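Peer 1: Dropping the structure in here first, questions after.
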Amino acid sequence: MLLDGKEIQVLHNNLNEREFPYNLRKELQRRETINIYTAEWLKNAVEFATANVAGKVEDRERDRKDDEELDDLKRKNIEFERKLKDLETMSKLGASKDLPEMFVKFLTCITLGRVDDASFEFNLHIKELAPPEILTVAELCLELLKLTQSNEAKRREIMVNVGIIAERIKSHYPVATTVERNLYSAVRKGNLLIYLAKCFGVTRDYDRQCFVLDLVDCSEINEMSVIGDLLAMLLANNRTDDVARVLKEMPHVEGDRIFPMFLGKFHSPQKQIILMSLADKITCSDKITDELNMFLSGCDDVGVCLAVVYIMNKNKLALSVSGLSGALSGITESTQIKTVLANFGRRSLSGLEVDKLVQIASNSDEVANEVLRHLRYESNIADLGSYNMQLLVEKRNLENIKVRFFEFNLDKKLAERLLVGAIKGNGDDRLSTVNILSSFVSVIDIGLYSQVLLGNDPLKAELVKILAPKTGKYASANKVIEQFLRGRDDDDLKREIFVNYLGFPLDEKTIEAYLAILPDAYDETYEKVLYSYLVEHPSQARDMFVVHYEKLIRGYEKVLPTILKYIKYLDESSIIRFATEFKGNQKTKDELFARIVEFSEKPKKIEVDIMGVKCNLLQAYMFTMSECLPSTVSLIQSLEKKGMDADDKIIVYGKKVKPKDYLSNLPIKDNVMEDIKRFL
């Protein structure tokens with residue numbers, strides 16, 4: 001505003017206070033508050049300034065007894081001109097570098113931990129030069145310094161003061177003012193700005209903290225502890241891009257402080273790339289080995305794990321088994337696995353480490369091959385031990401890792417134990433595993449896999465094909481095979497599995513159980529077994545014949561001629577049932593029936609009861625014909641020669657009836673009916 005041709009500034013707290021004389025503003029605020037947001041603010045400021053100057057003049061005039069009497073208006077102008085000069089002087093002082101220099105000096109004492117020097121600078125210069133918000137921030141820094149050098153009782157008191165200061169900043173200056181921004185921008189020194197940002201972090205004033213962090217020039221910072229503080233604050237504020245920038249700008253990275261913090265708090269798709277770019281910069285000591293191993297044990301990012309392992313290898317930090325396990329958990333490529341295993345080098349491993357490595361190997365075939373290679377050639381381990389081999393057999397398909405697996409010592413006894421474990425395992429991989437292990441076992445007792453044979457294993461047939469040739473031909477085998485043949489499995493499955501045991505000294509019961517399983521179509525194996533059985537047990541031929549024709553399934557008649565070669569006797573009921581119940585091929589029935597009738601001394605006297613009709617054997621045969629062939633005609637004629645008359649009356653439900661009348665009610669095809677009637 002202009003006053004008597006002079007320019008002065010009357011500014012509110014939210015304006016550019018850097019150029020406003022602190023003392024004058026302090027006096028104005030003590031006397032009266034000027035609200036610049038009203039339309040009358042400029043007029044009020046002029047009136048206030050004029051009244052204030054007039055009051056000062058009156059006070060001085062009363063003290064001067066020897067002064068000349070001056071005109072009131074002239075005295076006011078003189079006094080006001082002096083005030084304007086003071087105002088100009090104070091404005092220049094406020095705009096000069098004195099405050100930034102004093103503030104830098106004050107912060108320097110703070111960062112060096114000099115409480116007395118910092119207090120001296122605060123009382124001598126900061127109080128005189130700094131506006132209220134800067135004064136409040138300086139108080140905060142000073143109190144936090146005292147906090148680090150006080151006992152427990154004093155610390156509680158200081159924390160109360162810190163809380164009061166923080167609340168004052170929050171209520172009066174919720175965001176950084178222009179004065180603050182100009183002052184912080186003038187500080188320049190990175191370590192001082194980082195300390196100031198830490199102070200704002202204590203009071204959770206993250207807006208001011210981020211503003212100050214943006215002013216830091218990383219190239220001027222050499223202390224790792226200071227850089228660590230900077231990274232910690234950037235990570236806390238999710239400034240991931242800035243973290244990457246800071247790390248790349250640094251000529252050297254002290255890993256003990258920065259590395260674990262970066263791994264734990266930095267979350268970005270660039271994490272692996274940054275780590276690899278830092279690999280040649282980072283130096284770590286053994287102090288953080290445990291921390292890095294713990295990180296690896298819980299990390300699910302394969303790329304980051306590989307980067308950490310690479311840096312550990314470069315700094316010769318040893319991987320623990322848990323760290324190795326975490327690093328290998330998601331890796332599938334052999335080259336990457338080798339990178340991780342390279343950390344172990346050629347050092348000897350404890351039994352616990354070997355066990356853990358084998359557990360890791362069970363995760364995948366690729367990992368298993370590389371781990372087994374490392375154990376055999378890098379660690380010179382000849383024997384994995386039965387527990388570890390058993391674990392790999394249960395978890396992995398040996399077909400995919402057999403090259404590595406069988407480079408270790410494997411005696412026959414252990415092979416048999418592993419084979420039994422593989423048989424009882426789960427999954428399709430068992431087939432190849434059992435097949436491989438069986439080559440190391442000369443003889444295996446069927447009792448070791450009887451549960452597979454007698455159970456509901458879906459791979460039963462495939463497993464038996466592998467195991468049967470290796471099975472010892474002990475007497476105990478018969479019992480197991482017999483139990484299987486009498487079990488609930490599908491008949492085709494039973495016959496398929498039984499074929500594998502034909503070379504065994506099977507007893508009569510086992511053979512009978514197999515022959516009792518009647519297939520839809522007989523194969524050579526079945527006929528061979530049947531023939532051998534009948535040669536050794538001809539007395540059983542009749543029972544075998546009855547079993548086969550009683551089933552009355554098309555195709556069974558194929559083996560009946562073979563059975564009939566060994567039959568010496570058939571009772572009358574068997575002859576009758578064959579004549580009335582056989583539903584196979586008519587031609588086969590004709591051929592067999594002529595032979596079967598021969599077993600009866602007086603076939604013409606055989607009385608048959610069929611479908612409620614009492615008749616002779618010839619009539620019963622005719623009533624059950626399905627088709628009429630030349631062989632059938634000759635058979636009927638031969639039966640008539642044996643004394644059986646086709647035209648004899650029959651008894652139907654107690655009444656005598658002519659066969660022709662009875663036939664008319666039967667569902668017989670017309671052409672067949674005509675052929676039959678020719679004999680009636």
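Residues are referred to by chain and number: the chain letter is A, B, ... according to the order shown in the structure tokens, the number counts from 1 in that chain, and ligands are numbered separately from 1 in the order shown.
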Please provide as a PyMOL selection string all residues within 10 Å of Thr136 in chain A, with the sequence filter that same-chain residues fewer than 3 positions apart are discarded (counting only C-alpha atoms).

Peer 2: chain A and resi 127+130-133+139-142+165-166+168-169+173

Peer 1: Go ahead and dump the residues you just picked, N, CA and C atoms, as a tab-separated table (two decimals), in the first residue's frame.

Peer 2:
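So result-v7.tsv came out as:
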```tsv
chain	number	residue	atom	x	y	z
A	127	LYS	N	15.43	-17.18	17.14
A	127	LYS	CA	14.32	-16.45	17.77
A	127	LYS	C	14.20	-15.03	17.22
A	130	ALA	N	13.64	-15.70	12.74
A	130	ALA	CA	12.68	-16.62	12.13
A	130	ALA	C	11.24	-16.21	12.39
A	131	PRO	N	10.39	-16.33	11.37
A	131	PRO	CA	8.96	-16.15	11.58
A	131	PRO	C	8.42	-17.32	12.41
A	132	PRO	N	7.17	-17.22	12.90
A	132	PRO	CA	6.65	-18.21	13.87
A	132	PRO	C	6.73	-19.66	13.38
A	133	GLU	N	6.37	-19.92	12.11
A	133	GLU	CA	6.35	-21.32	11.67
A	133	GLU	C	7.75	-21.91	11.65
A	139	GLU	N	12.10	-25.41	17.06
A	139	GLU	CA	11.84	-25.96	18.40
A	139	GLU	C	11.67	-27.47	18.34
A	140	LEU	N	10.94	-27.95	17.31
A	140	LEU	CA	10.73	-29.39	17.14
A	140	LEU	C	12.06	-30.11	16.96
A	141	CYS	N	12.94	-29.60	16.11
A	141	CYS	CA	14.24	-30.24	15.88
A	141	CYS	C	15.06	-30.27	17.16
A	142	LEU	N	15.06	-29.16	17.90
A	142	LEU	CA	15.84	-29.08	19.13
A	142	LEU	C	15.33	-30.06	20.17
A	165	ILE	N	4.21	-29.26	20.27
A	165	ILE	CA	4.73	-28.56	19.09
A	165	ILE	C	4.08	-29.10	17.82
A	166	ALA	N	3.95	-30.42	17.74
A	166	ALA	CA	3.34	-31.03	16.56
A	166	ALA	C	1.90	-30.57	16.39
A	168	ARG	N	0.70	-27.75	17.46
A	168	ARG	CA	0.72	-26.33	17.09
A	168	ARG	C	0.94	-26.18	15.58
A	169	ILE	N	1.86	-26.98	15.05
A	169	ILE	CA	2.11	-26.94	13.60
A	169	ILE	C	0.87	-27.38	12.84
A	173	TYR	N	-0.38	-24.30	10.96
A	173	TYR	CA	0.25	-24.40	9.65
A	173	TYR	C	0.08	-25.82	9.12
```

Peer 1: So that I can check the surroundings of Phe200 in chain A, please list as a PyMOL selection string every protein, DNA and RNA residue that reaches within 10 Å of it, counting only C-alpha atoms and ignoring chain neighbours fewer than 2 positions away.

Peer 2: chain A and resi 137+140-141+166+194-198+202-210+212

Peer 1: Keeping only N, CA and C atoms, write those residues as a short mmCIF file (atom, residue, chain, number, x, y, z; two decimals), in the first residue's frame.

Peer 2:
```cif
data_model
loop_
_atom_site.label_atom_id
_atom_site.label_comp_id
_atom_site.auth_asym_id
_atom_site.auth_seq_id
_atom_site.Cartn_x
_atom_site.Cartn_y
_atom_site.Cartn_z
N VAL A 137 9.25 -25.07 13.92
CA VAL A 137 9.98 -26.21 13.35
C VAL A 137 11.33 -26.36 14.03
N LEU A 140 10.94 -27.95 17.31
CA LEU A 140 10.73 -29.39 17.14
C LEU A 140 12.06 -30.11 16.96
N CYS A 141 12.94 -29.60 16.11
CA CYS A 141 14.24 -30.24 15.88
C CYS A 141 15.06 -30.27 17.16
N ALA A 166 3.95 -30.42 17.74
CA ALA A 166 3.34 -31.03 16.56
C ALA A 166 1.90 -30.57 16.39
N ILE A 194 17.69 -34.27 5.06
CA ILE A 194 17.24 -35.61 5.46
C ILE A 194 16.92 -35.64 6.95
N TYR A 195 17.77 -34.97 7.76
CA TYR A 195 17.47 -34.92 9.19
C TYR A 195 16.16 -34.18 9.45
N LEU A 196 15.98 -33.07 8.74
CA LEU A 196 14.74 -32.30 8.89
C LEU A 196 13.53 -33.16 8.50
N ALA A 197 13.67 -33.92 7.42
CA ALA A 197 12.58 -34.80 6.98
C ALA A 197 12.29 -35.86 8.04
N LYS A 198 13.35 -36.37 8.69
CA LYS A 198 13.15 -37.34 9.77
C LYS A 198 12.35 -36.73 10.91
N VAL A 202 8.65 -37.98 12.52
CA VAL A 202 8.29 -38.27 13.91
C VAL A 202 6.89 -37.77 14.23
N THR A 203 6.57 -36.59 13.70
CA THR A 203 5.25 -36.00 13.96
C THR A 203 4.23 -36.40 12.89
N ARG A 204 4.63 -37.33 11.98
CA ARG A 204 3.76 -37.83 10.91
C ARG A 204 3.27 -36.71 9.99
N ASP A 205 4.14 -35.75 9.80
CA ASP A 205 3.83 -34.65 8.89
C ASP A 205 4.43 -35.01 7.53
N TYR A 206 3.74 -35.92 6.82
CA TYR A 206 4.31 -36.51 5.61
C TYR A 206 4.33 -35.54 4.43
N ASP A 207 3.45 -34.56 4.41
CA ASP A 207 3.49 -33.58 3.33
C ASP A 207 4.79 -32.79 3.37
N ARG A 208 5.12 -32.28 4.56
CA ARG A 208 6.38 -31.54 4.70
C ARG A 208 7.58 -32.48 4.46
N GLN A 209 7.46 -33.71 4.95
CA GLN A 209 8.56 -34.66 4.78
C GLN A 209 8.85 -34.90 3.30
N CYS A 210 7.80 -35.11 2.52
CA CYS A 210 7.99 -35.36 1.08
C CYS A 210 8.54 -34.13 0.37
N VAL A 212 10.53 -31.86 1.60
CA VAL A 212 11.94 -31.75 1.93
C VAL A 212 12.74 -32.83 1.20
#
```

Peer 1: Measuring atom to atom with only C-alpha atoms, identify which of A:Ala475, A:Ala307, A:Val371, A:Ala138 is nearest to Lys338 in chain A.

Peer 2: A:Val371

Peer 1: For Val302 in chain A, which of A:Glu536, A:Asp286, A:Glu527, A:Glu333 is the closest residue, counting only C-alpha atoms?

Peer 2: A:Glu333

Peer 1: Can you list, as a list in words, every protein, DNA or RNA residue that comes within 9 Å of Met622 in chain A when you count only C-alpha atoms, leaving out same-chain residues fewer than 4 positions away?

Peer 2: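 Within the cut-off, the hits are Leu617, Leu618, Ser626, Ile636, Ala646 and Ile676 of chain A.
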
Peer 1: Could you pull the residues within 10 Å of Arg417 in chain A, counting only C-alpha atoms, minus those fewer than 4 positions along the same chain, as a PyMOL selection string?

Peer 2: chain A and resi 386+390+412-413+421-422+437+441+448
